[in-house]
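Peer 1: Below is model39.pdb; it holds PDB, C-alpha atoms.
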```
ATOM      1  CA  MET A 237       5.472 -14.957 -27.953
ATOM      2  CA  GLY A 238       6.491 -12.248 -30.407
ATOM      3  CA  ASN A 239       2.922 -11.007 -30.712
ATOM      4  CA  LEU A 240       2.559 -10.931 -26.929
ATOM      5  CA  SER A 241       5.777  -8.948 -26.421
ATOM      6  CA  ALA A 242       4.886  -6.432 -29.114
ATOM      7  CA  ALA A 243       1.346  -6.074 -27.818
ATOM      8  CA  PHE A 244       2.554  -5.569 -24.250
ATOM      9  CA  ILE A 245       5.113  -2.921 -25.175
ATOM     10  CA  THR A 246       2.674  -0.931 -27.290
ATOM     11  CA  ASP A 247       0.079  -1.188 -24.549
ATOM     12  CA  LEU A 248       2.512  -0.090 -21.860
ATOM     13  CA  VAL A 249       3.345   3.173 -23.615
ATOM     14  CA  ARG A 250      -0.263   4.199 -24.136
ATOM     15  CA  PRO A 251      -0.743   7.772 -22.804
ATOM     16  CA  SER A 252      -4.311   6.926 -21.779
ATOM     17  CA  LEU A 253      -3.078   4.119 -19.526
ATOM     18  CA  TRP A 254      -0.877   6.414 -17.452
ATOM     19  CA  ARG A 255      -3.402   9.226 -17.579
ATOM     20  CA  ASP A 256      -6.050   6.962 -16.072
ATOM     21  CA  ALA A 257      -3.546   5.651 -13.518
ATOM     22  CA  ALA A 258      -2.631   9.218 -12.548
ATOM     23  CA  VAL A 259      -6.292  10.181 -12.140
ATOM     24  CA  GLY A 260      -6.878   7.046 -10.077
ATOM     25  CA  SER A 261      -3.865   7.841  -7.903
ATOM     26  CA  LEU A 262      -5.151  11.352  -7.268
ATOM     27  CA  LEU A 263      -8.632  10.102  -6.320
ATOM     28  CA  VAL A 264      -7.385   7.276  -4.101
ATOM     29  CA  GLY A 265      -4.761   9.547  -2.555
ATOM     30  CA  ALA A 266      -7.332  12.260  -1.871
ATOM     31  CA  LEU A 267      -9.685   9.818  -0.152
ATOM     32  CA  ALA A 268      -6.884   8.211   1.853
ATOM     33  CA  GLY A 269      -5.484  11.608   2.772
ATOM     34  CA  THR A 270      -8.898  12.768   3.950
ATOM     35  CA  LEU A 271      -9.166   9.737   6.248
ATOM     36  CA  TYR A 272      -5.731  10.411   7.721
ATOM     37  CA  ILE A 273      -6.396  14.096   8.292
ATOM     38  CA  LEU A 274      -9.786  13.457   9.892
ATOM     39  CA  ALA A 275      -8.231  10.840  12.157
ATOM     40  CA  TYR A 276      -5.487  13.259  13.137
ATOM     41  CA  PHE A 277      -7.876  16.009  14.170
ATOM     42  CA  GLU A 278     -10.248  13.589  15.906
ATOM     43  CA  SER A 279      -7.806  11.372  17.808
ATOM     44  CA  GLY A 280      -4.557  13.288  17.809
ATOM     45  CA  PRO A 281      -1.109  11.999  16.844
ATOM     46  CA  SER A 282      -0.673   9.668  19.814
ATOM     47  CA  SER A 283      -3.746   7.459  19.333
ATOM     48  CA  PRO A 284      -2.552   3.818  19.385
ATOM     49  CA  GLY A 285      -3.411   1.661  16.416
ATOM     50  CA  THR A 286      -4.772   4.570  14.397
ATOM     51  CA  GLU A 287      -2.241   4.200  11.607
ATOM     52  CA  ALA A 288      -2.869   0.457  11.225
ATOM     53  CA  VAL A 289      -6.601   1.044  10.842
ATOM     54  CA  LEU A 290      -5.993   3.796   8.311
ATOM     55  CA  LEU A 291      -3.634   1.583   6.332
ATOM     56  CA  LYS A 292      -6.375  -1.036   6.025
ATOM     57  CA  SER A 293      -8.725   1.614   4.684
ATOM     58  CA  ALA A 294      -6.083   2.846   2.247
ATOM     59  CA  LEU A 295      -5.436  -0.698   0.996
ATOM     60  CA  SER A 296      -9.163  -1.172   0.448
ATOM     61  CA  LEU A 297      -9.235   2.033  -1.584
ATOM     62  CA  VAL A 298      -6.265   0.860  -3.662
ATOM     63  CA  LEU A 299      -7.953  -2.492  -4.334
ATOM     64  CA  THR A 300     -11.192  -0.842  -5.445
ATOM     65  CA  GLY A 301      -9.518   1.922  -7.439
ATOM     66  CA  SER A 302      -7.258  -0.542  -9.216
ATOM     67  CA  ALA A 303     -10.203  -2.812  -9.977
ATOM     68  CA  LEU A 304     -11.973   0.100 -11.658
ATOM     69  CA  LEU A 305      -8.804   0.963 -13.554
ATOM     70  CA  GLY A 306      -8.574  -2.624 -14.770
ATOM     71  CA  SER A 307     -12.219  -2.723 -15.772
ATOM     72  CA  PHE A 308     -12.060   0.548 -17.669
ATOM     73  CA  ALA A 309      -8.892  -0.574 -19.466
ATOM     74  CA  PHE A 310     -11.013  -3.168 -21.242
ATOM     75  CA  THR A 311     -14.410  -1.487 -21.507
ATOM     76  CA  SER A 312     -13.055   1.816 -22.859
ATOM     77  CA  ALA A 313     -11.024  -0.008 -25.523
ATOM     78  CA  PHE A 314     -14.044  -2.130 -26.424
ATOM     79  CA  ARG A 315     -16.321   0.909 -26.620
ATOM     80  CA  THR A 316     -14.005   2.912 -28.871
ATOM     81  CA  GLY A 317     -13.142  -0.040 -31.109
ATOM     82  CA  SER A 318      -9.400   0.114 -30.426
ATOM     83  CA  LEU A 319      -9.539  -3.384 -28.966
ATOM     84  CA  HIS A 320     -10.841  -4.743 -32.252
ATOM     85  CA  LEU A 321      -7.863  -3.229 -34.066
ATOM     86  CA  ARG A 322      -5.432  -4.734 -31.567
ATOM     87  CA  VAL A 323      -6.999  -8.161 -32.055
ATOM     88  CA  LEU A 324      -6.456  -7.827 -35.793
ATOM     89  CA  LEU A 325      -2.824  -6.825 -35.224
ATOM     90  CA  PHE A 326      -1.829  -9.250 -32.468
ATOM     91  CA  GLN A 327      -4.597 -11.918 -32.325
ATOM     92  CA  ARG A 328      -7.014 -12.404 -29.461
ATOM     93  CA  ILE A 329      -5.011 -13.991 -26.661
ATOM     94  CA  PRO A 330      -1.918 -11.740 -26.957
ATOM     95  CA  ALA A 331      -4.101  -8.622 -27.176
ATOM     96  CA  PHE A 332      -6.110  -9.675 -24.127
ATOM     97  CA  ALA A 333      -3.097 -10.701 -22.037
ATOM     98  CA  ALA A 334      -1.028  -7.643 -22.972
ATOM     99  CA  ARG A 335      -3.780  -5.221 -21.993
ATOM    100  CA  ALA A 336      -4.202  -7.060 -18.684
ATOM    101  CA  GLY A 337      -0.455  -7.032 -17.982
ATOM    102  CA  SER A 338       0.061  -3.346 -18.783
ATOM    103  CA  THR A 339      -2.900  -2.392 -16.628
ATOM    104  CA  MET A 340      -1.532  -4.397 -13.717
ATOM    105  CA  VAL A 341       1.780  -2.532 -14.040
ATOM    106  CA  ALA A 342      -0.017   0.819 -13.970
ATOM    107  CA  ALA A 343      -2.124  -0.268 -10.991
ATOM    108  CA  SER A 344       1.043  -1.288  -9.149
ATOM    109  CA  ALA A 345       2.368   2.225  -9.705
ATOM    110  CA  LEU A 346      -0.901   3.566  -8.311
ATOM    111  CA  GLY A 347      -0.371   1.421  -5.222
ATOM    112  CA  VAL A 348       3.193   2.624  -4.725
ATOM    113  CA  ALA A 349       2.121   6.271  -5.005
ATOM    114  CA  THR A 350      -0.571   5.688  -2.391
ATOM    115  CA  ALA A 351       1.916   3.903  -0.111
ATOM    116  CA  GLU A 352       4.276   6.885  -0.214
ATOM    117  CA  LEU A 353       1.437   9.250   0.655
ATOM    118  CA  CYS A 354       0.241   7.026   3.500
ATOM    119  CA  ALA A 355       3.751   6.754   4.930
ATOM    120  CA  ALA A 356       4.071  10.536   5.012
ATOM    121  CA  LEU A 357       0.617  11.042   6.499
ATOM    122  CA  GLY A 358       1.133   8.141   8.899
ATOM    123  CA  ALA A 359       4.111   9.940  10.364
ATOM    124  CA  LEU A 360       1.829  12.904  11.015
ATOM    125  CA  VAL A 361      -0.927  10.803  12.587
ATOM    126  CA  SER A 362       1.284   8.626  14.806
ATOM    127  CA  GLY A 363       3.923  11.198  15.582
ATOM    128  CA  THR A 364       6.605   8.671  14.572
ATOM    129  CA  THR A 365       7.968   7.261  11.337
ATOM    130  CA  GLY A 366       5.032   6.112   9.207
ATOM    131  CA  ILE A 367       4.656   2.502   8.090
ATOM    132  CA  HIS A 368       6.245   2.169   4.647
ATOM    133  CA  ALA A 369       4.952  -0.785   2.635
ATOM    134  CA  PRO A 370       5.132   0.024  -1.096
ATOM    135  CA  GLY A 371       5.440  -3.647  -2.040
ATOM    136  CA  VAL A 372       2.183  -4.565  -0.328
ATOM    137  CA  PHE A 373       0.362  -1.632  -1.893
ATOM    138  CA  ALA A 374       1.780  -2.467  -5.335
ATOM    139  CA  ALA A 375       0.689  -6.108  -5.037
ATOM    140  CA  THR A 376      -2.781  -5.043  -3.878
ATOM    141  CA  GLY A 377      -3.080  -2.723  -6.872
ATOM    142  CA  CYS A 378      -1.950  -5.518  -9.179
ATOM    143  CA  MET A 379      -4.545  -7.939  -7.773
ATOM    144  CA  GLY A 380      -7.295  -5.342  -7.975
ATOM    145  CA  ALA A 381      -6.483  -4.575 -11.621
ATOM    146  CA  ALA A 382      -6.496  -8.263 -12.537
ATOM    147  CA  TRP A 383      -9.861  -8.740 -10.849
ATOM    148  CA  GLY A 384     -11.450  -5.669 -12.430
ATOM    149  CA  TYR A 385     -10.057  -6.420 -15.879
ATOM    150  CA  SER A 386     -11.530  -9.914 -15.816
ATOM    151  CA  ILE A 387     -14.946  -8.666 -14.695
ATOM    152  CA  GLY A 388     -14.904  -5.801 -17.194
ATOM    153  CA  SER A 389     -13.999  -8.098 -20.079
ATOM    154  CA  VAL A 390     -17.083 -10.193 -19.386
ATOM    155  CA  VAL A 391     -19.444  -7.259 -18.769
ATOM    156  CA  ARG A 392     -18.050  -5.090 -21.597
ATOM    157  CA  ASN A 393     -20.278  -2.177 -20.643
ATOM    158  CA  HIS A 394     -18.464   0.930 -19.384
ATOM    159  CA  GLN A 395     -21.297   2.253 -17.205
ATOM    160  CA  VAL A 396     -22.388  -1.097 -15.799
ATOM    161  CA  SER A 397     -18.841  -2.004 -14.770
ATOM    162  CA  LEU A 398     -18.562   1.257 -12.821
ATOM    163  CA  PHE A 399     -21.131  -0.130 -10.369
ATOM    164  CA  LEU A 400     -20.692  -3.872 -10.790
ATOM    165  CA  VAL A 401     -16.948  -4.084 -10.151
ATOM    166  CA  PRO A 402     -17.101  -2.393  -6.706
ATOM    167  CA  LEU A 403     -20.092  -4.565  -5.859
ATOM    168  CA  THR A 404     -18.051  -7.706  -6.547
ATOM    169  CA  LEU A 405     -15.640  -6.484  -3.876
ATOM    170  CA  VAL A 406     -18.240  -5.340  -1.345
ATOM    171  CA  LEU A 407     -20.971  -7.988  -1.536
ATOM    172  CA  PRO A 408     -18.677 -10.992  -0.850
ATOM    173  CA  GLY A 409     -17.535  -9.263   2.332
ATOM    174  CA  LEU A 410     -21.131  -8.820   3.445
ATOM    175  CA  ALA A 411     -21.971 -12.420   2.568
ATOM    176  CA  ALA A 412     -18.882 -13.616   4.438
ATOM    177  CA  GLN A 413     -20.426 -12.429   7.687
ATOM    178  CA  LEU A 414     -23.098 -15.086   7.204
ATOM    179  CA  MET A 415     -20.611 -17.712   6.024
ATOM    180  CA  GLN A 416     -18.447 -17.423   9.159
ATOM    181  CA  GLU A 417     -15.224 -19.433   8.668
ATOM    182  CA  ALA A 418     -15.897 -20.141   4.992
ATOM    183  CA  GLY A 419     -16.124 -16.409   4.365
ATOM    184  CA  GLN A 420     -12.345 -16.130   4.730
ATOM    185  CA  PHE A 421     -11.964 -17.836   1.373
ATOM    186  CA  VAL A 422     -13.718 -15.203  -0.746
ATOM    187  CA  PHE A 423     -11.402 -13.022  -2.815
ATOM    188  CA  PRO A 424     -11.763  -9.559  -1.232
ATOM    189  CA  LEU A 425     -11.346 -10.845   2.314
ATOM    190  CA  ALA A 426      -8.453 -13.132   1.426
ATOM    191  CA  ALA A 427      -6.639 -10.296  -0.356
ATOM    192  CA  ALA A 428      -7.260  -7.924   2.548
ATOM    193  CA  ASP A 429      -6.083 -10.500   5.079
ATOM    194  CA  TRP A 430      -2.877 -11.102   3.127
ATOM    195  CA  ALA A 431      -2.170  -7.370   2.868
ATOM    196  CA  ASP A 432      -2.840  -6.766   6.568
ATOM    197  CA  ARG A 433      -0.510  -9.585   7.592
ATOM    198  CA  ALA A 434       2.156  -8.709   5.030
ATOM    199  CA  ILE A 435       2.403  -5.161   6.388
ATOM    200  CA  LEU A 436       3.087  -6.627   9.832
ATOM    201  CA  SER A 437       5.493  -9.234   8.357
ATOM    202  CA  GLN A 438       3.233 -12.060   9.487
ATOM    203  CA  PRO A 439       2.870 -15.313   7.503
ATOM    204  CA  ALA A 440      -0.256 -15.421   5.365
ATOM    205  CA  SER A 441       0.499 -17.955   2.649
ATOM    206  CA  TRP A 442      -3.024 -19.384   2.635
ATOM    207  CA  SER A 443      -4.526 -15.923   2.064
ATOM    208  CA  LEU A 444      -2.126 -15.261  -0.795
ATOM    209  CA  LEU A 445      -2.781 -18.644  -2.383
ATOM    210  CA  THR A 446      -6.536 -18.148  -2.020
ATOM    211  CA  SER A 447      -6.340 -14.727  -3.663
ATOM    212  CA  LEU A 448      -4.176 -15.999  -6.516
ATOM    213  CA  GLY A 449      -6.505 -18.965  -6.979
ATOM    214  CA  TRP A 450      -9.485 -16.650  -7.349
ATOM    215  CA  LEU A 451      -7.616 -14.417  -9.794
ATOM    216  CA  ALA A 452      -6.455 -17.385 -11.868
ATOM    217  CA  THR A 453      -9.971 -18.827 -11.998
ATOM    218  CA  VAL A 454     -11.707 -15.574 -12.864
ATOM    219  CA  GLY A 455      -8.979 -14.688 -15.367
ATOM    220  CA  ALA A 456      -9.235 -18.073 -17.077
ATOM    221  CA  VAL A 457     -13.019 -17.738 -17.348
ATOM    222  CA  ALA A 458     -12.683 -14.209 -18.719
ATOM    223  CA  LEU A 459     -10.093 -15.314 -21.280
ATOM    224  CA  GLY A 460     -12.271 -18.238 -22.323
ATOM    225  CA  VAL A 461     -15.259 -15.964 -22.810
ATOM    226  CA  PHE A 462     -13.161 -13.464 -24.744
ATOM    227  CA  THR A 463     -11.779 -16.050 -27.145
ATOM    228  CA  LYS A 464     -15.191 -17.543 -27.890
ATOM    229  CA  ARG A 465     -17.415 -14.475 -27.822
ATOM    230  CA  ASP A 466     -18.061 -12.287 -30.849
ATOM    231  CA  LEU A 467     -16.376  -8.886 -30.680
ATOM    232  CA  ALA A 468     -19.256  -7.135 -32.423
TER
END
```
Spell out the structure here as structure tokens.
Peer 2:
Amino acid sequence: MGNLSAAFITDLVRPSLWRDAAVGSLLVGALAGTLYILAYFESGPSSPGTEAVLLKSALSLVLTGSALLGSFAFTSAFRTGSLHLRVLLFQRIPAFAARAGSTMVAASALGVATAELCAALGALVSGTTGIHAPGVFAATGCMGAAWGYSIGSVVRNHQVSLFLVPLTLVLPGLAAQLMQEAGQFVFPLAAADWADRAILSQPASWSLLTSLGWLATVGAVALGVFTKRDLA
């Protein structure tokens, strides 16, 4: 427990962690802002349902951006060798878990920043008070980071993960169209369904449980691979 606490604290104060989170926030915010502004000029401020659609797009951007942040948190440390040093200092499991936890915190901050931007822009698009859901955005960022970190820890390649991680979020959605009802149980769709319902204060316990089940399974596999696989 002592190793885990020390590893988490030292990971949480890394300048590179918050630098990457800030860059991710700027990119996600710019893309989300572009969608809002285009919708405003195309449909006008009184278009019904416009803000809800834009929020879904913004949540998707947060999920993808956070997944990339999580992936890069592992692959960049593995590429530079800093992960090897942390394993020597704190042992494998604490080093792995601490890096995952700190990245999820940073991704949650990314989600909150995007939520604040969307609320302000939503007020412009709808002409009323924008929907404010920082908790949902933070949770989406946290889930995305956990997913990306697990995938990145298995792939280990910085460039490959840049393309593979988004594909793991896009391809299941495409396959779900062929799976019909069963497609609701794949991670990206379950996470999106939970976020959509949570924003509207609708019950979505099965979507949340499905998402957490996927994250727990993928995380356990990633941890198992990390503990058994050579770091060289």
Peer 1: I need the output of the PyMOL selection byres ((chain A and resi 255-260) around 8) for this file as a ChimeraX atom specification; which residues are they?
Peer 2: /A:251-254,261-264,301-302,305,342-343,345-346
Peer 1: For a test of reading the model, state the distance in Å between CA of Ala266 (chain A) and CA of Thr350 (chain A), rounded to one decimal.
Peer 2: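 Going from CA of Ala266 (chain A) over to CA of Thr350 (chain A), I get 9.4 Å.
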Peer 1: Could you check which of A:Leu459, A:Leu274, A:Ile245, A:Leu403 is closest to Ser338 (chain A), using all atoms listed in the file?
Peer 2: A:Ile245
Peer 1: List the spatial neighbours of Phe462 (chain A) as a PDB file with C-alpha atoms, in the coordinates of the input - criterion: any atom at most 8 Å away, all atoms listed in the file, same-chain residues fewer than 2 positions off excluded.
Peer 2:
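Below is the file part_5.pdb, written as the result:
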```pdb
ATOM      1  CA  ARG A 328      -7.014 -12.404 -29.461  1.00  0.00           C
ATOM      2  CA  SER A 389     -13.999  -8.098 -20.079  1.00  0.00           C
ATOM      3  CA  VAL A 390     -17.083 -10.193 -19.386  1.00  0.00           C
ATOM      4  CA  ALA A 458     -12.683 -14.209 -18.719  1.00  0.00           C
ATOM      5  CA  LEU A 459     -10.093 -15.314 -21.280  1.00  0.00           C
ATOM      6  CA  GLY A 460     -12.271 -18.238 -22.323  1.00  0.00           C
ATOM      7  CA  LYS A 464     -15.191 -17.543 -27.890  1.00  0.00           C
ATOM      8  CA  ARG A 465     -17.415 -14.475 -27.822  1.00  0.00           C
ATOM      9  CA  ASP A 466     -18.061 -12.287 -30.849  1.00  0.00           C
TER      10      ASP A 466
END
```
Peer 1: List, as a PyMOL selection string, every residue that the PyMOL selection byres ((chain A and resi 435-437) around 10) selects in the file provided.
Peer 2: chain A and resi 288+291-292+367-373+430-434+438-440
Peer 1: Evaluate the PyMOL selection byres ((chain A and resi 304) around 12) here and jot the selected residues down as a count of residues only.
Peer 2: 50
Peer 1: Any chance you could work out the axis-aligned box around region 315-329 of chain A, listed atoms only, 3 Å on each side, giving centre and edge lengths in Å to one decimal, as lines of an AutoDock Vina configuration file?
Peer 2:
```
center_x = -9.1
center_y = -5.5
center_z = -31.2
size_x = 20.5
size_y = 22.9
size_z = 15.2
```
Peer 1: So, with only C-alpha atoms as the atoms that count, which of A:Val348, A:Val341, A:Val457, A:Leu319 lies closest to Val249 (chain A)?
Peer 2: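 When distances to Val249 (chain A) are compared using only C-alpha atoms, the smallest one comes from A:Val341.
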Peer 1: When you draw a straight line from CA of Val391 (chain A) to CA of Leu321 (chain A), how long is it in Å?
Peer 2: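 Between CA of Val391 (chain A) and CA of Leu321 (chain A) the gap works out to 19.6 Å.
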Peer 1: My list of candidates is A:Leu357, A:Asp429, A:Leu407, A:Phe423. Which is closest to Ser441 (chain A) when distances are computed with all atoms listed in the file?
Peer 2: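 Of the candidates, the smallest distance to Ser441 (chain A) is held by A:Asp429.
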Peer 1: Between CA of Ala426 (chain A) and CA of Ala355 (chain A), what is the distance, to one decimal in Å?
Peer 2: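 If I compute the distance from CA of Ala426 (chain A) to CA of Ala355 (chain A), I get 23.6 Å.
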Peer 1: Near Ala334 (chain A), counting all atoms listed in the file, which residues have an atom at most 9 Å away, once you skip same-chain residues fewer than 6 positions from it, shown as number ranges by chain?
Peer 2: A: 240-248
